[in-house]
Amino acid sequence: MNKQWLPIGIFSLLVAFLAIGLTLNPKEVPSPLIGKPAPDFTLPLLKQTQTLSTRELQGRVWLLNVWASWCSSCKQEHALLVRFAQNHTLTMVGLNYKDTPLEAQNWLDALGNPYTFVVQDQTGQAGIDWGVYGVPETFVIDATGIIRHKFTGPLTQKRLDDELRPLLKTLEVSE
Amino acid sequence: MIVEIGHFALILGLAFALVLATVPLLGVEKRQPLWMDVARTAAIGQFALLALAFACLIYAFVQDDFSVKYVAHNSNTQLPLIFKISATWGAHEGSLLLWALILTLWTLAAALFAKQLPPTLKARMLSVLGWVAAGFILFILLTSNPFERLLDIPTEGRSLNPLLQDIGLAIHPPMLYMGYVGMAVAFAFAVAVLLEGKMENAWAHWAQTWTLIAWAFLTLGIALGSWWAYYELGWGGWWFWDPVENASLLPWIVATALIHSLAITAKRGSFQAWSLLLAILTFGLSLLGTFLVRSGVLTSVHAFSSDPSRGVFILVFLVVIVGAALLLFSARAHLVTQRRVFQPLSKETLLLLNNVLLIAIMATVLLGTLYPLILDALGIAKLSVGAPYFNSVIVPLTVPLALLMGLGFATHWRESRAGGLLTQLWPVLLVSALIAFIVPLLLLPDLQGWALVGLFMSAWIALSALQWLWQNRASKNSAGRVTERRRILGAVLAHTGFAVMLAGITVTSLYSIEKDVRLAPEESYSIGTTRFEFGGVIQKQEHNYLASEGTVKVYVNDRWLTNLHPQKRTYLSQSMPMTEAGIDAQLSRDLFVALGEKLDAQAWSLRIQYKPLIRWIWLGAILMALGALLALPSSRQRRQEVAE
């Protein structure tokens with residue numbers, strides 16, 4: 001008699017896990033780099049002959065946004081970034097990932113350029129060092145060069161308000 | 001206008017589904033035959049309306065009506081007509097509409113071809129199907145409406161994902177859904193039987209027919225998906241243990257168990273409760289698959305748009321439909337259980353054991369699929385479970401499954417004698433062992449342990465099936481005999497198909513050769529006696545994509561065999577390049593060349609593969625599906641047994 005209730009029991013357990021699973025994001029993998037020094041790179045600036053090195057950014061809080069013109073979800077977050085850049089003094093570095101300079105420039109011309117600097121990572125080598133496995137990703141680096149936070153996937157207004165703004169406040173970046 | 005008609009037809013379809021879900025059930029309660037007969041009309045109306053809605057959506061695609069959001073996101077004017085049509089089910093909203101359409105088609109078929117079932121059972125069953133349809137149409141209307149309009153109308157659409165612009169993938173979802181959704185009939189049957197509170201064994205024939213048809217579609221659907229992944233993704237793999245693939249495999253495994261369990265119920269009048277539970281489970285797992293694919297709780301290469309509200313809806317739907325069915329089962333299964341005595345050595349025992357093994361395999365795959373989610377939910381770790389887990393747990397379970405499968409053919413219902421079995425089976429054992437040894441020695445480069453095991457199992461299954469066919473070569477010629485012979489032939493064909501697939505999997509897994517090479521034009525690379533000569537790459541412009549097309553001349557023993565043309569395509573609407581492998585297919589082996597990256601002015605990287613017996617995997621699936629259709633009980637047989 002009791003064994004008849006076994007299926008519904010297993011089923012209830014399964015449903016409980018699925019319900020919890022719905023509230024989680026499987027793509028959000030905590031980066032092992034959080035709390036560690038940001039990996040160094042020296043990369044050419046987009047459409048320019050100069051390069052930018054991470055060492056030059058020491059002493060300021062900055063944000064690294066990994067994007068590409070071929071990435072459709074980058075388009076979603078781009079408008080947010082443009083608006084965000086207008087209201088903040090934060091240094092924003094765009095890491096143009098596995099892209100061509102021409103397409104990247106066209107993209108910025110069309111959609112606006114929120115970045116203080118745009119660097120080119122055509123081979124994806126810097127991306128590997130930073131543990132990038134999907135575009136877009138966004139890192140927050142503090143004044144001592146430590147990675148403090150990582151956003152996987154497109155930024156949303158909610159993530160900006162709930163996660164990024166409070167973090168920047170503790171790092172003393174003015175609005 | 002047409003789009004609004006489609007939208008309206010869908011809403012009206014929901015109304016019909018609700019009528020189907022309630023009126024016949026009430027009719028059974030109140031003993032009103034007229035109310036029960038509403039089921040037939042409602043089923044016809046429901047199907048007609050869903051078909052109209054679907055036709056309207058296809059029309060919107062063919063007309064490039066980009067004022068419809070779903071069309072604008074998944075089609076553009078450059079797309080060839082065939083892919084405009086298949087784009088209708090190329091993404092989330094449309095594929096759900098296809099799901100609902102196929103469900104109403106199965107419901108209609110069940111309404112028209114259920115004369116053998118008593119009116120109350122039939123009315124209840126159709127009502128249950130009405131509940132499922134109502135839930136699904138509501139889901140579409142509330143969270144995933146394909147008829148939604150856009151306020152500012154784009155002049156050009158975003159186009160269909162290039163991966164899906166392929167004829168194999170255009171027919172893969174409809175096939176798969178025919179299988180998935182077809183399991184709803186057996187599910188509704190089981191629920192209706194539990195409501196009825198009694199089970200007549202002849203009804204099992206009826207349920208078996210529907211399960212066999214759905215199973216044949218599911219088999220072909222899964223095989224098509226595997227074949228498509230093989231030639232389109234460019235890795236040369238045919239199964240990746242991806243959550244979405246697993247989602248289609250789970251109901252297939254349980255449906256396989258269900259078919260056999262129903263056979264025992266029909267023939268021997270036992271295992272009723274077990275059959276009903278399997279029927280509920282099969283459809284439950286189909287719904288679970290839909291949940292996993294559509295909610296985004298697991299990461300998968302099938303990156304469909306995910307939206308939490310959709311996940312919540314399907315989960316609630318799953319809880320209501322499957323939860324209610326399982327509760328009903330818990331409360332009432334004892335009403336339908338009959339016990340028949342059978343001996344430890346009998347067909348019943350072996351079929352039962354194989355049922356248990358199939359369920360164990362299903363549970364293992366389910367656990368592996370959900371394990372990342374469970375650990376994440378418990379906050380323990382983030383991880384993914386890959387092919388090594390599945391291969392290492394599934395293979396040991398398949399060995400006893402295959403051994404028992406062969407043994408099952410030799411045993412009798414109720415009771416078999418061990419001595420008799422041995423006399424009958426020793427030639428089969430001997431020949432199977434010989435095949436397992438001789439084939440690798442003569443035809444394969446070396447003798448590996450697992451090759452021995454795999455080939456032995458294949459030979460064992462196929463030969464015992466053929467021996468059984470030989471023993472059952474008919475003597476009498478009455479009409480019933482003809483059906484019986486057809487069914488035996490079907491069973492033999494299906495099991496031989498499984499053996500063929502097993503041989504294909506064994507040999508291709510163990511003896512495939514895969515090389516990544518760098519070749520400049522005129523350079524060659526050889527695998528054994530086969531030489532691949534690279535002829536360079538040319539650029540091609542097609543209707544909606546640009547292609548870099550390589551030419552690879554293949555020589556065997558320095559005699560020209562064929563030219564392969566692997567491509568890398570860049571679709572105009574996307575910038576991610578797509579691989580199109582060049583394949584020379586033969587029954588004994590595939591030669592597979594995929595174009596990699598351009599390395600310098602001349603040289604390219606190429607992935608060259610030699611895949612022995614890979615075609616056998618899909619050939620086996622085709623044989624299994626044909627066998628299942630051949631094994632359908634005839635309507636006369638079913639009626640006769642109902643009359644008895």
# chains A, B, ... in the order shown; residues from 1 in each chain; ligands from 1
>>> select_by_dssp(residues="range 478-623 of chain B", states="strand (DSSP E or B)", output="number ranges by chain")
B: 513-519, 524-527, 530-541, 545-556, 559-564, 567-571, 578-580, 582-585, 589-598, 604-612
>>> write_last_selection(atoms="C-alpha atoms", output="PDB file, in the first residue's frame")
ATOM      1  CA  ILE B 513      40.023   8.396 -36.212  1.00  0.00           C
ATOM      2  CA  GLU B 514      40.032  12.140 -35.850  1.00  0.00           C
ATOM      3  CA  LYS B 515      42.852  14.434 -36.980  1.00  0.00           C
ATOM      4  CA  ASP B 516      43.251  18.195 -37.023  1.00  0.00           C
ATOM      5  CA  VAL B 517      45.733  18.999 -39.769  1.00  0.00           C
ATOM      6  CA  ARG B 518      47.213  22.026 -41.466  1.00  0.00           C
ATOM      7  CA  LEU B 519      47.168  21.739 -45.239  1.00  0.00           C
ATOM      8  CA  SER B 524      47.894  15.586 -48.628  1.00  0.00           C
ATOM      9  CA  TYR B 525      47.153  13.773 -45.432  1.00  0.00           C
ATOM     10  CA  SER B 526      46.579  10.035 -45.193  1.00  0.00           C
ATOM     11  CA  ILE B 527      44.595   7.906 -42.803  1.00  0.00           C
ATOM     12  CA  THR B 530      42.802   6.813 -47.668  1.00  0.00           C
ATOM     13  CA  ARG B 531      44.548   9.983 -48.834  1.00  0.00           C
ATOM     14  CA  PHE B 532      42.988  13.430 -48.575  1.00  0.00           C
ATOM     15  CA  GLU B 533      44.418  15.982 -50.999  1.00  0.00           C
ATOM     16  CA  PHE B 534      43.578  19.620 -50.332  1.00  0.00           C
ATOM     17  CA  GLY B 535      42.661  21.559 -53.469  1.00  0.00           C
ATOM     18  CA  GLY B 536      42.359  25.022 -51.947  1.00  0.00           C
ATOM     19  CA  VAL B 537      39.441  27.237 -51.055  1.00  0.00           C
ATOM     20  CA  ILE B 538      37.231  29.393 -53.239  1.00  0.00           C
ATOM     21  CA  GLN B 539      34.706  32.048 -52.229  1.00  0.00           C
ATOM     22  CA  LYS B 540      31.106  31.560 -53.234  1.00  0.00           C
ATOM     23  CA  GLN B 541      28.097  33.815 -53.019  1.00  0.00           C
ATOM     24  CA  TYR B 545      25.102  33.568 -47.353  1.00  0.00           C
ATOM     25  CA  LEU B 546      28.748  33.778 -48.395  1.00  0.00           C
ATOM     26  CA  ALA B 547      30.714  30.575 -48.348  1.00  0.00           C
ATOM     27  CA  SER B 548      34.371  29.631 -48.301  1.00  0.00           C
ATOM     28  CA  GLU B 549      34.302  26.278 -50.020  1.00  0.00           C
ATOM     29  CA  GLY B 550      37.228  23.904 -49.867  1.00  0.00           C
ATOM     30  CA  THR B 551      37.875  21.053 -52.228  1.00  0.00           C
ATOM     31  CA  VAL B 552      39.355  17.853 -50.888  1.00  0.00           C
ATOM     32  CA  LYS B 553      40.116  15.038 -53.296  1.00  0.00           C
ATOM     33  CA  VAL B 554      39.896  11.628 -51.723  1.00  0.00           C
ATOM     34  CA  TYR B 555      42.000   8.729 -52.998  1.00  0.00           C
ATOM     35  CA  VAL B 556      41.832   5.169 -51.749  1.00  0.00           C
ATOM     36  CA  ARG B 559      42.667   5.650 -56.938  1.00  0.00           C
ATOM     37  CA  TRP B 560      40.434   8.691 -57.008  1.00  0.00           C
ATOM     38  CA  LEU B 561      37.210   8.117 -55.078  1.00  0.00           C
ATOM     39  CA  THR B 562      35.389  11.394 -54.706  1.00  0.00           C
ATOM     40  CA  ASN B 563      35.672  15.119 -54.091  1.00  0.00           C
ATOM     41  CA  LEU B 564      34.474  16.563 -50.804  1.00  0.00           C
ATOM     42  CA  GLN B 567      32.155  24.895 -46.390  1.00  0.00           C
ATOM     43  CA  LYS B 568      32.278  27.719 -43.918  1.00  0.00           C
ATOM     44  CA  ARG B 569      29.247  29.893 -44.378  1.00  0.00           C
ATOM     45  CA  THR B 570      28.664  33.411 -43.214  1.00  0.00           C
ATOM     46  CA  TYR B 571      24.997  34.289 -43.345  1.00  0.00           C
ATOM     47  CA  MET B 578      28.627  28.093 -39.789  1.00  0.00           C
ATOM     48  CA  THR B 579      30.380  24.877 -40.664  1.00  0.00           C
ATOM     49  CA  GLU B 580      29.085  22.608 -43.371  1.00  0.00           C
ATOM     50  CA  GLY B 582      31.994  17.522 -46.530  1.00  0.00           C
ATOM     51  CA  ILE B 583      30.967  13.909 -46.020  1.00  0.00           C
ATOM     52  CA  ASP B 584      31.363  10.791 -48.096  1.00  0.00           C
ATOM     53  CA  ALA B 585      28.901   8.334 -46.636  1.00  0.00           C
ATOM     54  CA  ARG B 589      32.253   4.144 -42.945  1.00  0.00           C
ATOM     55  CA  ASP B 590      31.986   7.918 -43.308  1.00  0.00           C
ATOM     56  CA  LEU B 591      34.799  10.182 -44.438  1.00  0.00           C
ATOM     57  CA  PHE B 592      34.212  13.536 -42.824  1.00  0.00           C
ATOM     58  CA  VAL B 593      36.097  16.761 -43.582  1.00  0.00           C
ATOM     59  CA  ALA B 594      35.337  20.067 -41.888  1.00  0.00           C
ATOM     60  CA  LEU B 595      36.991  23.333 -42.839  1.00  0.00           C
ATOM     61  CA  GLY B 596      38.640  25.101 -39.898  1.00  0.00           C
ATOM     62  CA  GLU B 597      40.440  28.444 -39.835  1.00  0.00           C
ATOM     63  CA  LYS B 598      42.506  30.096 -42.507  1.00  0.00           C
ATOM     64  CA  TRP B 604      43.898  26.085 -43.809  1.00  0.00           C
ATOM     65  CA  SER B 605      43.279  23.941 -40.804  1.00  0.00           C
ATOM     66  CA  LEU B 606      41.122  20.932 -41.591  1.00  0.00           C
ATOM     67  CA  ARG B 607      39.480  18.401 -39.362  1.00  0.00           C
ATOM     68  CA  ILE B 608      39.554  15.002 -41.015  1.00  0.00           C
ATOM     69  CA  GLN B 609      37.648  12.084 -39.563  1.00  0.00           C
ATOM     70  CA  TYR B 610      37.203   8.451 -40.404  1.00  0.00           C
ATOM     71  CA  LYS B 611      34.061   7.094 -38.783  1.00  0.00           C
ATOM     72  CA  PRO B 612      33.399   3.379 -39.238  1.00  0.00           C
TER      73      PRO B 612
END
>>> interface_residues(of="chain A", to="chain B", cutoff="6 Å", atoms="only C-alpha atoms", output="MDAnalysis selection string")
chainID A and resid 4:5 8 20:22 70
>>> write_last_selection(atoms="N, CA and C atoms", output="JSON list (two decimals), in the first residue's frame")
[["chain", "number", "residue", "atom", "x", "y", "z"],
["A", 4, "GLN", "N", 2.72, 2.65, -3.19],
["A", 4, "GLN", "CA", 1.96, 3.41, -4.19],
["A", 4, "GLN", "C", 2.23, 4.91, -4.08],
["A", 5, "TRP", "N", 2.65, 5.34, -2.90],
["A", 5, "TRP", "CA", 2.86, 6.77, -2.70],
["A", 5, "TRP", "C", 4.27, 7.19, -3.07],
["A", 8, "ILE", "N", 4.64, 9.75, -6.23],
["A", 8, "ILE", "CA", 4.26, 11.15, -5.97],
["A", 8, "ILE", "C", 5.28, 11.80, -5.05],
["A", 20, "ILE", "N", 13.33, 25.70, -7.13],
["A", 20, "ILE", "CA", 14.50, 26.46, -6.68],
["A", 20, "ILE", "C", 15.36, 26.80, -7.88],
["A", 21, "GLY", "N", 15.50, 25.83, -8.79],
["A", 21, "GLY", "CA", 16.34, 26.03, -9.97],
["A", 21, "GLY", "C", 15.89, 27.22, -10.79],
["A", 22, "LEU", "N", 14.59, 27.45, -10.82],
["A", 22, "LEU", "CA", 14.06, 28.57, -11.60],
["A", 22, "LEU", "C", 14.56, 29.90, -11.09],
["A", 70, "TRP", "N", 29.44, 41.54, -33.08],
["A", 70, "TRP", "CA", 28.66, 40.37, -33.52],
["A", 70, "TRP", "C", 27.76, 39.83, -32.42]]
>>> residues_around(residues="Met125 in chain B", least_positions_apart="3", cutoff="6 Å", atoms="only C-alpha atoms", output="list in words")
Lys122, Val128, Ala188, Phe189 and Ala192 of chain B
>>> write_last_selection(atoms="N, CA and C atoms", output="mmCIF file, in the first residue's frame")
data_model
loop_
_atom_site.group_PDB
_atom_site.id
_atom_site.type_symbol
_atom_site.label_atom_id
_atom_site.label_comp_id
_atom_site.auth_asym_id
_atom_site.auth_seq_id
_atom_site.Cartn_x
_atom_site.Cartn_y
_atom_site.Cartn_z
ATOM 1 N N LYS B 122 -13.739 6.477 -22.853
ATOM 2 C CA LYS B 122 -13.355 7.321 -23.972
ATOM 3 C C LYS B 122 -13.606 8.789 -23.636
ATOM 4 N N VAL B 128 -9.302 14.451 -20.435
ATOM 5 C CA VAL B 128 -7.948 14.656 -19.915
ATOM 6 C C VAL B 128 -7.080 15.321 -20.983
ATOM 7 N N ALA B 188 -3.423 10.058 -21.029
ATOM 8 C CA ALA B 188 -4.842 10.320 -20.806
ATOM 9 C C ALA B 188 -5.595 9.009 -20.600
ATOM 10 N N PHE B 189 -5.177 7.994 -21.337
ATOM 11 C CA PHE B 189 -5.770 6.669 -21.178
ATOM 12 C C PHE B 189 -5.573 6.177 -19.740
ATOM 13 N N ALA B 192 -7.726 8.055 -17.324
ATOM 14 C CA ALA B 192 -9.124 7.660 -17.483
ATOM 15 C C ALA B 192 -9.379 6.294 -16.850
#
>>> residues_around(residues="Phe41 in chain A", least_positions_apart="3", cutoff="10 Å", atoms="only C-alpha atoms", output="ChimeraX atom specification")
/A:38,44,51-55,119,121,125-127,129-130
>>> residues_around(residues="range 78-84 of chain A", least_positions_apart="6", cutoff="7 Å", atoms="only C-alpha atoms", output="VMD selection string")
chain A and resid 112 to 114
>>> closest_residue(among="B:Phe240, B:Phe139, B:Trp227, B:Phe187", to="Gln208 in chain B", atoms="only C-alpha atoms")
B:Phe187
>>> residues_around(residues="range 494-508 of chain B", least_positions_apart="4", cutoff="9 Å", atoms="only C-alpha atoms", output="PyMOL selection string")
chain B and resi 402+405+444+450-451+453-463+465-466+489-490+512+589+611-628+631
>>> residues_around(residues="Tyr115 in chain A", least_positions_apart="6", cutoff="10 Å", atoms="only C-alpha atoms", output="ChimeraX atom specification")
/A:63-65,81-82,85,90-95,108
>>> write_last_selection(atoms="C-alpha atoms", output="PDB file, in the first residue's frame")
ATOM      1  CA  LEU A  63      35.124  48.989 -15.325  1.00  0.00           C
ATOM      2  CA  LEU A  64      35.992  46.505 -18.047  1.00  0.00           C
ATOM      3  CA  ASN A  65      33.164  45.745 -20.425  1.00  0.00           C
ATOM      4  CA  LEU A  81      26.003  51.790 -20.619  1.00  0.00           C
ATOM      5  CA  VAL A  82      25.742  54.974 -22.684  1.00  0.00           C
ATOM      6  CA  ALA A  85      28.505  56.856 -18.655  1.00  0.00           C
ATOM      7  CA  LEU A  90      33.880  56.217 -13.760  1.00  0.00           C
ATOM      8  CA  THR A  91      36.613  55.100 -16.150  1.00  0.00           C
ATOM      9  CA  MET A  92      35.048  52.631 -18.550  1.00  0.00           C
ATOM     10  CA  VAL A  93      37.201  50.416 -20.712  1.00  0.00           C
ATOM     11  CA  GLY A  94      35.590  48.548 -23.578  1.00  0.00           C
ATOM     12  CA  LEU A  95      37.373  45.347 -24.499  1.00  0.00           C
ATOM     13  CA  LEU A 108      30.072  52.693 -31.799  1.00  0.00           C
TER      14      LEU A 108
END
>>> closest_residue(among="A:Ile147, A:Val140, A:Gln86, A:Pro39", to="Glu163 in chain A", atoms="only C-alpha atoms")
A:Val140
>>> atom_distance(atom1="CA of Val356 in chain B", atom2="CA of Arg486 in chain B")
27.8 Å
>>> select_by_dssp(residues="range 9-255 of chain B", states="helix (DSSP H, G or I)", output="MDAnalysis selection string")
chainID B and resid 9:30 33:62 69:74 81:89 92:112 119:143 162:164 167:196 203:232 243:255
>>> closest_residue(among="A:Val61, A:Ala16, A:Cys71, A:Ala110", to="Gly153 in chain A", atoms="only C-alpha atoms")
A:Cys71
>>> atom_distance(atom1="CA of Ile380 in chain B", atom2="CA of Gly289 in chain B")
24.4 Å
